file work_10.tsv (TSV, C-alpha atoms)
chain	number	residue	atom	x	y	z
M	1	MET	CA	0.00	0.00	0.00
M	2	PRO	CA	2.66	2.56	-0.87
M	3	GLY	CA	0.24	5.11	-2.24
M	4	THR	CA	-1.73	5.32	0.94
M	5	VAL	CA	1.34	5.52	3.16
M	6	ASP	CA	2.85	8.26	1.00
M	7	THR	CA	-0.37	10.21	1.00
M	8	LEU	CA	-0.71	10.02	4.76
M	9	THR	CA	2.95	10.85	5.35
M	10	THR	CA	2.82	13.96	3.19
M	11	ARG	CA	-0.50	15.12	4.58
M	12	PHE	CA	0.17	14.41	8.27
M	13	PRO	CA	3.93	14.39	8.81
M	14	GLY	CA	4.92	13.11	12.22
M	15	ALA	CA	1.38	12.71	13.42
M	16	PHE	CA	1.32	8.93	13.45
M	17	THR	CA	3.40	5.79	13.43
M	18	ILE	CA	2.75	3.08	10.91
M	19	SER	CA	3.37	-0.63	10.93
M	20	ALA	CA	2.14	-3.54	8.90
M	21	PHE	CA	1.03	-7.08	9.49
M	22	LYS	CA	0.80	-9.12	6.29
M	23	ASP	CA	-1.24	-6.87	3.98
M	24	ASN	CA	-2.90	-4.84	6.72
M	25	ALA	CA	-1.55	-1.42	7.55
M	26	ARG	CA	-1.71	-0.17	11.11
M	27	VAL	CA	-1.76	3.54	11.80
M	28	GLU	CA	-1.35	4.61	15.42
M	29	ILE	CA	-2.03	8.14	16.63
M	30	ALA	CA	-0.84	9.07	20.11
M	31	ALA	CA	-3.17	10.70	22.58
M	32	ASP	CA	-1.67	14.18	22.34
M	33	LYS	CA	-2.22	14.34	18.57
M	34	ALA	CA	-5.37	12.26	18.18
M	35	PRO	CA	-8.05	14.90	18.86
M	36	ALA	CA	-6.63	17.20	16.20
M	37	VAL	CA	-5.52	14.67	13.62
M	38	LEU	CA	-7.91	11.74	13.76
M	39	PHE	CA	-10.88	13.16	11.86
M	40	ASP	CA	-8.79	14.66	9.08
M	41	LEU	CA	-6.83	11.45	8.76
M	42	LEU	CA	-9.97	9.36	8.47
M	43	LYS	CA	-11.38	11.85	5.98
M	44	CYS	CA	-8.18	11.66	3.95
M	45	LEU	CA	-8.32	7.86	3.98
M	46	LYS	CA	-11.92	7.94	2.86
M	47	ASP	CA	-11.79	10.65	0.20
M	48	GLU	CA	-8.28	10.36	-1.21
M	49	CYS	CA	-7.21	6.77	-0.57
M	50	GLY	CA	-10.45	4.97	-1.34
M	51	PHE	CA	-11.11	3.44	2.09
M	52	ASP	CA	-14.82	3.89	1.76
M	53	PHE	CA	-16.09	1.29	4.23
M	54	LEU	CA	-15.92	1.51	8.01
M	55	VAL	CA	-15.86	-2.10	9.14
M	56	ASP	CA	-15.71	-1.70	12.89
M	57	VAL	CA	-15.00	0.61	15.76
M	58	ALA	CA	-13.61	-1.06	18.86
M	59	GLY	CA	-12.24	0.10	22.17
M	60	ILE	CA	-9.29	-1.11	24.23
M	61	ASP	CA	-8.30	-0.26	27.77
M	62	TYR	CA	-4.51	-0.38	28.20
M	63	LEU	CA	-4.53	0.09	31.97
M	64	ASN	CA	-1.53	-1.77	33.47
M	65	TYR	CA	-0.59	-2.99	30.02
M	66	PRO	CA	3.17	-3.44	29.67
M	67	GLY	CA	4.73	-0.79	27.51
M	68	ALA	CA	1.55	1.16	26.93
M	69	ALA	CA	1.90	4.94	26.89
M	70	ASP	CA	-1.76	5.94	26.72
M	71	ARG	CA	-4.76	4.38	28.37
M	72	TYR	CA	-7.63	4.10	25.93
M	73	GLY	CA	-7.32	2.96	22.35
M	74	VAL	CA	-10.08	3.21	19.78
M	75	VAL	CA	-9.55	1.16	16.65
M	76	TYR	CA	-11.18	2.11	13.37
M	77	ALA	CA	-11.08	-0.76	10.89
M	78	LEU	CA	-11.37	0.54	7.34
M	79	ALA	CA	-11.64	-1.36	4.08
M	80	ASN	CA	-11.21	-0.36	0.48
M	81	THR	CA	-14.02	-2.08	-1.33
M	82	ALA	CA	-12.36	-1.68	-4.71
M	83	THR	CA	-8.98	-3.16	-3.86
M	84	ALA	CA	-9.88	-5.19	-0.76
M	85	GLN	CA	-7.14	-3.44	1.19
M	86	ARG	CA	-7.57	-2.84	4.87
M	87	VAL	CA	-6.16	-0.31	7.26
M	88	PHE	CA	-6.54	-0.11	11.01
M	89	VAL	CA	-6.36	3.32	12.61
M	90	LYS	CA	-5.79	3.24	16.35
M	91	ALA	CA	-6.26	6.51	18.17
M	92	PHE	CA	-5.41	6.90	21.83
M	93	ALA	CA	-7.03	8.92	24.58
M	94	ASN	CA	-6.29	9.46	28.23
M	95	ASP	CA	-8.00	10.15	31.51
M	96	PRO	CA	-9.60	12.17	32.99
M	97	ASP	CA	-11.55	13.20	29.90
M	98	PRO	CA	-10.97	10.72	27.10
M	99	GLU	CA	-12.25	12.50	24.00
M	100	LEU	CA	-11.97	11.76	20.32
M	101	PRO	CA	-13.67	13.30	17.31
M	102	SER	CA	-16.64	11.36	16.03
M	103	ALA	CA	-16.54	9.64	12.66
M	104	VAL	CA	-20.29	9.85	12.15
M	105	PRO	CA	-20.00	12.75	9.63
M	106	LEU	CA	-17.88	10.43	7.47
M	107	TRP	CA	-19.68	7.14	7.99
M	108	ALA	CA	-23.20	7.06	9.38
M	109	GLY	CA	-22.53	3.49	10.45
M	110	ALA	CA	-20.17	4.74	13.12
M	111	ASP	CA	-23.16	5.89	15.13
M	112	TRP	CA	-23.97	2.77	17.12
M	113	MET	CA	-20.38	1.52	17.22
M	114	GLU	CA	-19.16	4.72	18.83
M	115	ARG	CA	-22.08	4.56	21.22
M	116	GLU	CA	-20.93	1.09	22.24
M	117	VAL	CA	-17.36	2.27	22.81
M	118	TYR	CA	-18.73	5.14	24.86
M	119	ASP	CA	-20.91	2.78	26.86
M	120	MET	CA	-18.20	0.26	27.59
M	121	PHE	CA	-15.13	2.51	27.95
M	122	GLY	CA	-16.42	6.01	28.52
M	123	VAL	CA	-14.61	7.54	25.58
M	124	VAL	CA	-16.58	10.61	24.56
M	125	PHE	CA	-16.90	11.22	20.84
M	126	THR	CA	-17.27	14.93	20.26
M	127	GLY	CA	-19.61	15.72	17.42
M	128	HIS	CA	-21.60	12.53	17.81
M	129	PRO	CA	-25.27	13.34	17.17
M	130	ASP	CA	-26.75	11.06	19.83
M	131	LEU	CA	-24.20	9.81	22.33
M	132	ARG	CA	-26.25	7.67	24.69
M	133	ARG	CA	-25.62	4.27	26.22
M	134	ILE	CA	-26.55	1.49	23.86
M	135	LEU	CA	-26.18	-1.74	25.87
M	136	MET	CA	-26.33	-0.87	29.54
M	137	PRO	CA	-29.38	0.80	31.11
M	138	ALA	CA	-29.45	4.55	31.04
M	139	GLU	CA	-29.14	4.67	34.84
M	140	PHE	CA	-25.84	2.80	34.78
M	141	THR	CA	-23.04	4.97	36.08
M	142	SER	CA	-19.92	2.94	35.24
M	143	HIS	CA	-18.20	1.83	32.08
M	144	PRO	CA	-17.96	-1.93	32.55
M	145	LEU	CA	-15.16	-2.87	30.18
M	146	ARG	CA	-12.66	-0.60	31.86
M	147	LYS	CA	-9.98	-2.64	33.54
M	148	ASP	CA	-10.51	-0.98	36.91
M	149	TYR	CA	-14.18	-1.96	36.94
M	150	PRO	CA	-14.65	-5.15	38.99
M	151	LEU	CA	-15.79	-8.23	37.14
M	152	ARG	CA	-18.79	-8.71	39.40
M	153	GLY	CA	-19.82	-5.11	39.14
M	154	LEU	CA	-20.58	-2.66	41.89
M	155	GLY	CA	-23.87	-4.19	42.97
M	156	GLU	CA	-25.91	-2.97	40.01
M	157	ARG	CA	-27.06	-6.50	39.23
M	158	HIS	CA	-28.83	-6.71	42.58
M	159	ASN	CA	-30.28	-3.24	42.55
M	160	PHE	CA	-33.86	-4.36	42.11
M	161	PRO	CA	-36.81	-4.69	44.45
M	162	THR	CA	-37.81	-8.17	45.60
M	163	ILE	CA	-41.33	-9.38	44.97
M	164	THR	CA	-42.56	-11.71	47.66
M	165	ARG	CA	-45.20	-14.33	47.01
M	166	ALA	CA	-47.81	-12.68	49.15
M	167	GLU	CA	-47.71	-9.39	47.29
M	168	SER	CA	-47.70	-10.81	43.78
F	1	MET	CA	-72.54	-48.80	36.02
F	2	THR	CA	-74.78	-47.51	38.70
F	3	GLY	CA	-73.95	-50.58	40.69
F	4	TYR	CA	-70.31	-49.64	40.89
F	5	LEU	CA	-70.33	-45.87	41.32
F	6	PRO	CA	-72.22	-44.09	44.06
F	7	ASP	CA	-74.69	-41.39	43.23
F	8	PHE	CA	-72.69	-38.76	45.03
F	9	LEU	CA	-69.23	-38.31	46.52
F	10	VAL	CA	-68.16	-36.44	49.62
F	11	THR	CA	-64.81	-34.69	49.33
F	12	LYS	CA	-63.14	-31.42	50.13
F	13	LEU	CA	-63.51	-28.57	47.71
F	14	ASP	CA	-59.80	-27.88	48.05
F	15	TYR	CA	-59.02	-31.40	46.92
F	16	VAL	CA	-61.11	-31.10	43.78
F	17	ALA	CA	-59.71	-27.68	42.96
F	18	ASN	CA	-56.15	-28.89	43.42
F	19	MET	CA	-56.72	-31.94	41.29
F	20	VAL	CA	-58.16	-29.85	38.50
F	21	ARG	CA	-55.47	-27.20	38.71
F	22	LYS	CA	-52.49	-29.50	38.82
F	23	HIS	CA	-53.52	-31.31	35.69
F	24	SER	CA	-53.93	-28.16	33.64
F	25	LEU	CA	-50.86	-26.09	34.42
F	26	TRP	CA	-50.34	-23.71	31.53
F	27	PRO	CA	-46.69	-22.70	31.34
F	28	MET	CA	-45.43	-19.26	30.50
F	29	PRO	CA	-42.16	-19.99	28.67
F	30	PHE	CA	-39.75	-17.29	29.80
F	31	ALA	CA	-36.93	-18.75	27.73
F	32	THR	CA	-33.88	-16.53	27.41
F	33	ALA	CA	-31.08	-18.98	26.58
F	34	CYS	CA	-30.22	-22.57	25.75
F	35	CYS	CA	-32.52	-23.94	28.45
F	36	GLY	CA	-35.30	-22.73	26.20
F	37	ILE	CA	-34.28	-25.33	23.63
F	38	GLU	CA	-34.72	-28.05	26.23
F	39	LEU	CA	-38.02	-26.48	27.18
F	40	MET	CA	-39.12	-26.78	23.55
F	41	ALA	CA	-37.91	-30.37	23.47
F	42	THR	CA	-39.98	-31.06	26.56
F	43	ALA	CA	-43.05	-29.87	24.71
F	44	SER	CA	-42.25	-31.89	21.61
F	45	SER	CA	-43.51	-35.35	20.85
F	46	ARG	CA	-40.58	-37.32	22.24
F	47	TYR	CA	-40.98	-36.08	25.82
F	48	ASP	CA	-44.49	-34.71	25.48
F	49	ILE	CA	-45.32	-32.57	28.46
F	50	ALA	CA	-48.94	-32.89	27.35
F	51	ARG	CA	-49.00	-36.15	29.31
F	52	PHE	CA	-49.04	-33.95	32.40
F	53	GLY	CA	-51.54	-31.44	31.08
F	54	SER	CA	-48.98	-28.69	30.58
F	55	GLU	CA	-48.80	-28.58	26.83
F	56	ALA	CA	-50.59	-25.27	26.41
F	57	MET	CA	-47.65	-22.88	26.28
F	58	ARG	CA	-49.15	-19.43	26.19
F	59	PHE	CA	-47.05	-16.47	25.21
F	60	SER	CA	-49.33	-14.16	27.13
F	61	PRO	CA	-48.79	-14.10	30.87
F	62	ARG	CA	-52.46	-13.39	31.44
F	63	GLN	CA	-53.39	-16.91	30.41
F	64	CYS	CA	-50.70	-18.79	32.33
F	65	ASP	CA	-50.25	-20.10	35.82
F	66	LEU	CA	-46.75	-21.59	35.69
F	67	MET	CA	-43.78	-19.44	34.79
F	68	ILE	CA	-40.74	-21.39	33.64
F	69	VAL	CA	-37.69	-19.13	33.69
F	70	ALA	CA	-35.32	-20.95	31.37
F	71	GLY	CA	-31.94	-19.34	30.95
F	72	ARG	CA	-29.76	-16.58	32.28
F	73	VAL	CA	-31.44	-13.34	33.25
F	74	VAL	CA	-29.53	-10.10	32.86
F	75	MET	CA	-30.22	-6.98	34.84
F	76	LYS	CA	-32.10	-5.29	32.01
F	77	MET	CA	-34.42	-8.31	31.91
F	78	VAL	CA	-35.35	-8.30	35.60
F	79	PRO	CA	-38.02	-5.58	35.36
F	80	VAL	CA	-39.50	-7.39	32.36
F	81	MET	CA	-39.54	-10.67	34.26
F	82	GLN	CA	-41.14	-9.09	37.29
F	83	ARG	CA	-43.78	-7.39	35.21
F	84	ILE	CA	-44.63	-10.65	33.47
F	85	TRP	CA	-44.85	-12.38	36.83
F	86	LEU	CA	-47.16	-9.71	38.20
F	87	GLN	CA	-49.39	-9.97	35.16
F	88	MET	CA	-50.04	-13.66	35.67
F	89	PRO	CA	-53.31	-14.36	37.46
F	90	GLU	CA	-53.54	-16.24	40.74
F	91	PRO	CA	-52.89	-19.01	41.50
F	92	LYS	CA	-49.46	-19.17	39.92
F	93	TRP	CA	-46.18	-20.97	40.40
F	94	CYS	CA	-42.64	-20.51	39.22
F	95	ILE	CA	-39.98	-22.95	38.07
F	96	SER	CA	-36.38	-21.78	37.93
F	97	MET	CA	-34.95	-23.95	35.19
F	98	GLY	CA	-31.23	-24.49	34.88
F	99	ALA	CA	-28.12	-23.36	36.69
F	100	CYS	CA	-28.20	-19.82	35.33
F	101	ALA	CA	-31.73	-18.99	36.39
F	102	SER	CA	-31.17	-20.62	39.78
F	103	SER	CA	-27.76	-19.24	40.67
F	104	GLY	CA	-26.27	-17.31	37.77
F	105	GLY	CA	-24.36	-20.38	36.63
F	106	VAL	CA	-20.98	-19.65	35.14
F	107	PHE	CA	-21.97	-16.07	34.37
F	108	ASP	CA	-20.69	-14.40	37.51
F	109	ALA	CA	-20.45	-11.06	35.77
F	110	TYR	CA	-21.65	-7.55	36.36
F	111	ALA	CA	-24.81	-7.78	34.28
F	112	THR	CA	-26.05	-11.28	35.12
F	113	VAL	CA	-28.45	-11.78	37.98
F	114	GLN	CA	-27.19	-14.42	40.41
F	115	GLY	CA	-30.43	-16.32	40.72
F	116	ILE	CA	-33.92	-15.10	40.01
F	117	ASP	CA	-35.03	-16.04	43.53
F	118	ARG	CA	-33.52	-12.79	44.71
F	119	PHE	CA	-36.36	-10.97	42.98
F	120	LEU	CA	-39.13	-13.54	42.52
F	121	PRO	CA	-40.64	-16.30	44.65
F	122	VAL	CA	-39.52	-19.61	43.16
F	123	ASP	CA	-41.28	-22.88	43.88
F	124	VAL	CA	-39.08	-25.49	42.20
F	125	TYR	CA	-35.46	-25.28	41.10
F	126	VAL	CA	-34.17	-27.50	38.32
F	127	PRO	CA	-30.42	-28.11	38.28
F	128	GLY	CA	-28.54	-28.80	35.10
F	129	CYS	CA	-26.82	-26.95	32.31
F	130	PRO	CA	-29.18	-27.31	30.56
F	131	PRO	CA	-31.46	-29.79	32.34
F	132	ARG	CA	-32.71	-32.84	30.54
F	133	PRO	CA	-36.37	-32.72	29.54
F	134	GLU	CA	-36.98	-35.50	32.05
F	135	GLN	CA	-35.77	-33.17	34.79
F	136	LEU	CA	-38.22	-30.49	33.73
F	137	ILE	CA	-41.01	-33.06	33.68
F	138	ARG	CA	-39.94	-34.05	37.18
F	139	ALA	CA	-40.19	-30.41	38.20
F	140	VAL	CA	-43.69	-30.17	36.78
F	141	MET	CA	-44.60	-33.31	38.72
F	142	ASP	CA	-43.17	-31.77	41.86
F	143	ILE	CA	-45.28	-28.68	41.30
F	144	GLN	CA	-48.28	-30.94	40.86
F	145	GLU	CA	-47.53	-32.65	44.13
F	146	LYS	CA	-47.05	-29.31	45.85
F	147	ILE	CA	-50.38	-28.10	44.54
F	148	GLN	CA	-52.13	-31.24	45.66
F	149	ARG	CA	-50.66	-31.08	49.13
F	150	THR	CA	-50.74	-27.39	49.94
F	151	GLY	CA	-53.20	-25.83	47.55
F	152	THR	CA	-56.45	-24.21	48.53
F	153	ILE	CA	-59.32	-23.21	46.32
F	154	ASP	CA	-58.98	-19.50	47.01
F	155	ALA	CA	-55.16	-19.64	46.99
F	156	ARG	CA	-54.96	-18.44	50.56
F	157	GLU	CA	-51.78	-20.42	51.19
F	158	PHE	CA	-49.82	-17.78	49.28
F	159	ALA	CA	-50.69	-15.06	51.75
F	160	ALA	CA	-48.44	-16.66	54.34
F	161	ARG	CA	-45.40	-16.39	52.09
F	162	SER	CA	-44.75	-12.75	52.79
F	163	ALA	CA	-41.05	-13.11	53.56
F	164	TYR	CA	-38.14	-12.98	51.19
F	165	GLU	CA	-37.37	-16.51	50.00
F	166	GLY	CA	-34.07	-15.90	48.27
F	167	PRO	CA	-30.55	-16.75	49.37
F	168	THR	CA	-30.02	-14.46	52.33
F	169	ALA	CA	-26.66	-15.99	53.13
F	170	LEU	CA	-25.39	-15.24	49.65
F	171	ALA	CA	-26.78	-11.74	49.73
F	172	ARG	CA	-24.86	-11.03	52.91
F	173	GLU	CA	-21.60	-11.88	51.20
F	174	LEU	CA	-21.77	-8.60	49.34
F	175	GLY	CA	-19.51	-6.28	51.21
F	176	PRO	CA	-20.31	-2.64	51.88
F	177	GLU	CA	-18.10	-1.61	48.97
F	178	GLU	CA	-20.27	-3.76	46.77
F	179	ALA	CA	-23.48	-2.30	48.06
F	180	ILE	CA	-25.77	-0.44	45.77
F	181	VAL	CA	-23.95	2.50	44.32
F	182	ALA	CA	-25.81	2.97	41.07
F	183	PRO	CA	-28.53	5.54	41.60
F	184	GLY	CA	-31.66	5.62	39.55
F	185	ASP	CA	-34.95	3.86	39.16
F	186	TYR	CA	-34.47	0.36	37.80
F	187	ARG	CA	-38.01	-0.75	38.48
F	188	THR	CA	-39.61	0.24	35.23
F	189	ALA	CA	-39.25	-1.95	32.20
F	190	THR	CA	-39.85	0.85	29.76
F	191	ARG	CA	-38.90	4.46	29.90
F	192	LEU	CA	-39.52	7.38	27.65
F	193	ARG	CA	-36.61	8.68	25.70
F	194	THR	CA	-35.94	12.37	25.84
F	195	PRO	CA	-36.65	13.79	22.42
F	196	LEU	CA	-33.76	14.78	20.22
F	197	ASN	CA	-33.44	18.37	19.30

call {"tool": "encode", "arguments": {"input": "work_10.tsv", "output": "C-alpha cells"}}
result
Amino acid sequence: MPGTVDTLTTRFPGAFTISAFKDNARVEIAADKAPAVLFDLLKCLKDECGFDFLVDVAGIDYLNYPGAADRYGVVYALANTATAQRVFVKAFANDPDPELPSAVPLWAGADWMEREVYDMFGVVFTGHPDLRRILMPAEFTSHPLRKDYPLRGLGERHNFPTITRAES
Amino acid sequence: MTGYLPDFLVTKLDYVANMVRKHSLWPMPFATACCGIELMATASSRYDIARFGSEAMRFSPRQCDLMIVAGRVVMKMVPVMQRIWLQMPEPKWCISMGACASSGGVFDAYATVQGIDRFLPVDVYVPGCPPRPEQLIRAVMDIQEKIQRTGTIDAREFAARSAYEGPTALARELGPEEAIVAPGDYRTATRLRTPLN
C-alpha cells in the first residue's frame, strides 16, 4: 500500500506511526495528537485513498498494560471495497476526559459503534449526534469494560426490588 | 354402572380444585437462553409434556399459571420478568430452570443476575446446564404434588409467604463496597426517551 502511506505521510507528517502485518496497515495516533488529527486522517483515507467502508470501531483499555503509553485505544477498521485493502487506525485517549472526534459525519454506520465504545469505555466522541448508552441501562453509572471496573460489578445486578409471594 | 359408582361423593372442595389445577398447568415460557431449547424439546412429541396437562404454552402471561424461567437473566431483563410475573393471574407458580436462572451459573459477571429467587418467589429449582427434559417433567410433577398437598381453592396459602425466599446468606456476602452505588430507578421496564433536538 505505498500510495496510501505516502499520502498520509505527506499530509500528516509526524502525526502517526505506521506498521504492517501481512497486507494490513496499522496507523497509530498518540493521545496528544489524536483529537486534532484523527478526523482529518480518516477523511483523507476515505476521500483520497479509497477506504470507503468503516468495518468496525472497537475500544481497548490499556490500563496496566506493559509498555503502553496511553490508556484508551479506539480502533477504526477501514476497508477499500475496490482493492480489498484494509487499514486499522488506532487513536489513543487518556483520563480524565478521554475524548476523540466522532466519525459519524464520514460514515453514518459509526453511530452505534461509537455509542458502544462510549458505553463500555467512557470515551466521549465529540460531534456525535446522539451519544447515549446502547447496551447498559441509562441509569448505569460505570463503564464496565474498563480494567478498573470489577468483574462482578458494583452491585448494580442486585439493585432491584424483591417481589414476595404474598404481594404478587 | 350404577352398581359400581355411588350417586354422590363427599370430598373437600380444596381437593377437587387442586386436582383440577395440577392437571392443567399452563406454562409461560420465559426462555432466554439454551434452556429454552430443552423447554421446547420437553413440549415436543418425544418427551411430550402434554401427558401432564402442561402442553398449552401461552405467550401471554395473562393466560398462564406456571412461569418457567429458562436461561440466564440479565439486569435489564429483571423488570420485564417481574412485570410478566405480576401480570399472571392467581394461583401461579414458578420454576427456575437451569443453573443460570437458579444461581447465575458460570456467568458471575456484572450484568447477570445471580439467581432469580432474589427478585421472585420460586417454587421449584431444576439443576442442570441445561437440564434434561426428564428433569423439567420431574419439576412439573413436583409442582403438581405441591399443589395437591398445599393448595387451597382460594389460593390463601400464598398469603403466608410474605417473607423474602431468596438466598439471604449469599446476599450477605456482598460487602459494603459492593453495596448499591448505582442511583436511579431500575423498576420500570420501559422508559420514555428524551426527544432529540

call {"tool": "atom_distance", "arguments": {"input": "work_10.tsv", "atom1": "CA of Leu63 in chain M", "atom2": "CA of Asp108 in chain F"}}
result
22.4 Å

call {"tool": "closest_residue", "arguments": {"input": "work_10.tsv", "among": "M:Ala69, M:Met113, M:Val89, M:Leu100", "to": "Leu41 in chain M", "atoms": "all atoms listed in the file"}}
result
M:Val89

call {"tool": "atom_distance", "arguments": {"input": "work_10.tsv", "atom1": "CA of Asn18 in chain F", "atom2": "CA of Phe158 in chain F"}}
result
14.1 Å

call {"tool": "residues_around", "arguments": {"input": "work_10.tsv", "residues": "range 53-59 of chain M", "least_positions_apart": "6", "cutoff": "10 Å", "atoms": "all atoms listed in the file", "output": "ChimeraX atom specification"}}
result
/M:42,46,72-81,86-92,103,106-118,120-123,145-146

call {"tool": "residues_near_point", "arguments": {"input": "work_10.tsv", "point": "(-41.8, -11.4, 32.1)", "cutoff": "10 Å", "atoms": "only C-alpha atoms", "output": "number ranges by chain"}}
result
F: 28-31, 60-61, 67, 69, 77-88, 189

call {"tool": "closest_residue", "arguments": {"input": "work_10.tsv", "among": "F:Lys76, F:Arg21, F:Lys146, F:Arg132", "to": "chain M", "atoms": "only C-alpha atoms"}}
result
F:Lys76

call {"tool": "atom_distance", "arguments": {"input": "work_10.tsv", "atom1": "CA of Phe119 in chain F", "atom2": "CA of Arg149 in chain F"}}
result
25.4 Å

call {"tool": "residues_around", "arguments": {"input": "work_10.tsv", "residues": "range 121-127 of chain F", "least_positions_apart": "6", "cutoff": "12 Å", "atoms": "only C-alpha atoms", "output": "PDB file with C-alpha atoms, in the coordinates of the input"}}
result
ATOM      1  CA  THR M 162     -37.810  -8.170  45.600  1.00  0.00           C
ATOM      2  CA  ILE M 163     -41.330  -9.380  44.970  1.00  0.00           C
ATOM      3  CA  THR M 164     -42.560 -11.710  47.660  1.00  0.00           C
ATOM      4  CA  ARG M 165     -45.200 -14.330  47.010  1.00  0.00           C
ATOM      5  CA  ALA M 166     -47.810 -12.680  49.150  1.00  0.00           C
ATOM      6  CA  GLU M 167     -47.710  -9.390  47.290  1.00  0.00           C
ATOM      7  CA  SER M 168     -47.700 -10.810  43.780  1.00  0.00           C
TER       8      SER M 168
ATOM      9  CA  CYS F  35     -32.520 -23.940  28.450  1.00  0.00           C
ATOM     10  CA  LEU F  39     -38.020 -26.480  27.180  1.00  0.00           C
ATOM     11  CA  LEU F  66     -46.750 -21.590  35.690  1.00  0.00           C
ATOM     12  CA  MET F  67     -43.780 -19.440  34.790  1.00  0.00           C
ATOM     13  CA  ILE F  68     -40.740 -21.390  33.640  1.00  0.00           C
ATOM     14  CA  VAL F  69     -37.690 -19.130  33.690  1.00  0.00           C
ATOM     15  CA  ALA F  70     -35.320 -20.950  31.370  1.00  0.00           C
ATOM     16  CA  GLY F  71     -31.940 -19.340  30.950  1.00  0.00           C
ATOM     17  CA  MET F  81     -39.540 -10.670  34.260  1.00  0.00           C
ATOM     18  CA  GLN F  82     -41.140  -9.090  37.290  1.00  0.00           C
ATOM     19  CA  TRP F  85     -44.850 -12.380  36.830  1.00  0.00           C
ATOM     20  CA  LEU F  86     -47.160  -9.710  38.200  1.00  0.00           C
ATOM     21  CA  LYS F  92     -49.460 -19.170  39.920  1.00  0.00           C
ATOM     22  CA  TRP F  93     -46.180 -20.970  40.400  1.00  0.00           C
ATOM     23  CA  CYS F  94     -42.640 -20.510  39.220  1.00  0.00           C
ATOM     24  CA  ILE F  95     -39.980 -22.950  38.070  1.00  0.00           C
ATOM     25  CA  SER F  96     -36.380 -21.780  37.930  1.00  0.00           C
ATOM     26  CA  MET F  97     -34.950 -23.950  35.190  1.00  0.00           C
ATOM     27  CA  GLY F  98     -31.230 -24.490  34.880  1.00  0.00           C
ATOM     28  CA  ALA F  99     -28.120 -23.360  36.690  1.00  0.00           C
ATOM     29  CA  CYS F 100     -28.200 -19.820  35.330  1.00  0.00           C
ATOM     30  CA  ALA F 101     -31.730 -18.990  36.390  1.00  0.00           C
ATOM     31  CA  SER F 102     -31.170 -20.620  39.780  1.00  0.00           C
ATOM     32  CA  SER F 103     -27.760 -19.240  40.670  1.00  0.00           C
ATOM     33  CA  GLY F 104     -26.270 -17.310  37.770  1.00  0.00           C
ATOM     34  CA  GLY F 105     -24.360 -20.380  36.630  1.00  0.00           C
ATOM     35  CA  GLY F 115     -30.430 -16.320  40.720  1.00  0.00           C
ATOM     36  CA  PRO F 133     -36.370 -32.720  29.540  1.00  0.00           C
ATOM     37  CA  GLU F 134     -36.980 -35.500  32.050  1.00  0.00           C
ATOM     38  CA  GLN F 135     -35.770 -33.170  34.790  1.00  0.00           C
ATOM     39  CA  LEU F 136     -38.220 -30.490  33.730  1.00  0.00           C
ATOM     40  CA  ILE F 137     -41.010 -33.060  33.680  1.00  0.00           C
ATOM     41  CA  ARG F 138     -39.940 -34.050  37.180  1.00  0.00           C
ATOM     42  CA  ALA F 139     -40.190 -30.410  38.200  1.00  0.00           C
ATOM     43  CA  VAL F 140     -43.690 -30.170  36.780  1.00  0.00           C
ATOM     44  CA  MET F 141     -44.600 -33.310  38.720  1.00  0.00           C
ATOM     45  CA  ASP F 142     -43.170 -31.770  41.860  1.00  0.00           C
ATOM     46  CA  ILE F 143     -45.280 -28.680  41.300  1.00  0.00           C
ATOM     47  CA  GLN F 144     -48.280 -30.940  40.860  1.00  0.00           C
ATOM     48  CA  GLU F 145     -47.530 -32.650  44.130  1.00  0.00           C
ATOM     49  CA  LYS F 146     -47.050 -29.310  45.850  1.00  0.00           C
ATOM     50  CA  ILE F 147     -50.380 -28.100  44.540  1.00  0.00           C
ATOM     51  CA  PHE F 158     -49.820 -17.780  49.280  1.00  0.00           C
ATOM     52  CA  ARG F 161     -45.400 -16.390  52.090  1.00  0.00           C
ATOM     53  CA  SER F 162     -44.750 -12.750  52.790  1.00  0.00           C
ATOM     54  CA  ALA F 163     -41.050 -13.110  53.560  1.00  0.00           C
ATOM     55  CA  TYR F 164     -38.140 -12.980  51.190  1.00  0.00           C
ATOM     56  CA  GLU F 165     -37.370 -16.510  50.000  1.00  0.00           C
ATOM     57  CA  GLY F 166     -34.070 -15.900  48.270  1.00  0.00           C
ATOM     58  CA  PRO F 167     -30.550 -16.750  49.370  1.00  0.00           C
TER      59      PRO F 167
END

call {"tool": "interface_residues", "arguments": {"input": "work_10.tsv", "of": "chain M", "to": "chain F", "cutoff": "9 Å", "atoms": "only C-alpha atoms", "output": "compact mmCIF listing (two decimals) with C-alpha atoms, in the coordinates of the input"}}
result
# COMPACT_ATOMS: atom_id res chain seq x y z
CA ASP M 130 -26.75 11.06 19.83
CA MET M 136 -26.33 -0.87 29.54
CA PRO M 137 -29.38 0.80 31.11
CA ALA M 138 -29.45 4.55 31.04
CA GLU M 139 -29.14 4.67 34.84
CA PHE M 140 -25.84 2.80 34.78
CA THR M 141 -23.04 4.97 36.08
CA SER M 142 -19.92 2.94 35.24
CA PRO M 144 -17.96 -1.93 32.55
CA PRO M 150 -14.65 -5.15 38.99
CA LEU M 151 -15.79 -8.23 37.14
CA ARG M 152 -18.79 -8.71 39.40
CA GLY M 153 -19.82 -5.11 39.14
CA LEU M 154 -20.58 -2.66 41.89
CA GLY M 155 -23.87 -4.19 42.97
CA GLU M 156 -25.91 -2.97 40.01
CA ARG M 157 -27.06 -6.50 39.23
CA HIS M 158 -28.83 -6.71 42.58
CA ASN M 159 -30.28 -3.24 42.55
CA PHE M 160 -33.86 -4.36 42.11
CA PRO M 161 -36.81 -4.69 44.45
CA THR M 162 -37.81 -8.17 45.60
CA ILE M 163 -41.33 -9.38 44.97
CA THR M 164 -42.56 -11.71 47.66
CA ARG M 165 -45.20 -14.33 47.01
CA ALA M 166 -47.81 -12.68 49.15
CA GLU M 167 -47.71 -9.39 47.29
CA SER M 168 -47.70 -10.81 43.78

call {"tool": "axis_aligned_box", "arguments": {"input": "work_10.tsv", "around": "range 136-152 of chain F", "padding_each_side": "8 Å", "output": "lines of an AutoDock Vina configuration file"}}
result
center_x = -47.3
center_y = -29.1
center_z = 41.8
size_x = 34.2
size_y = 25.8
size_z = 32.3

call {"tool": "closest_residue", "arguments": {"input": "work_10.tsv", "among": "M:Asn94, M:Thr83, M:Pro101, M:Pro13", "to": "Lys43 in chain M", "atoms": "only C-alpha atoms"}}
result
M:Pro101
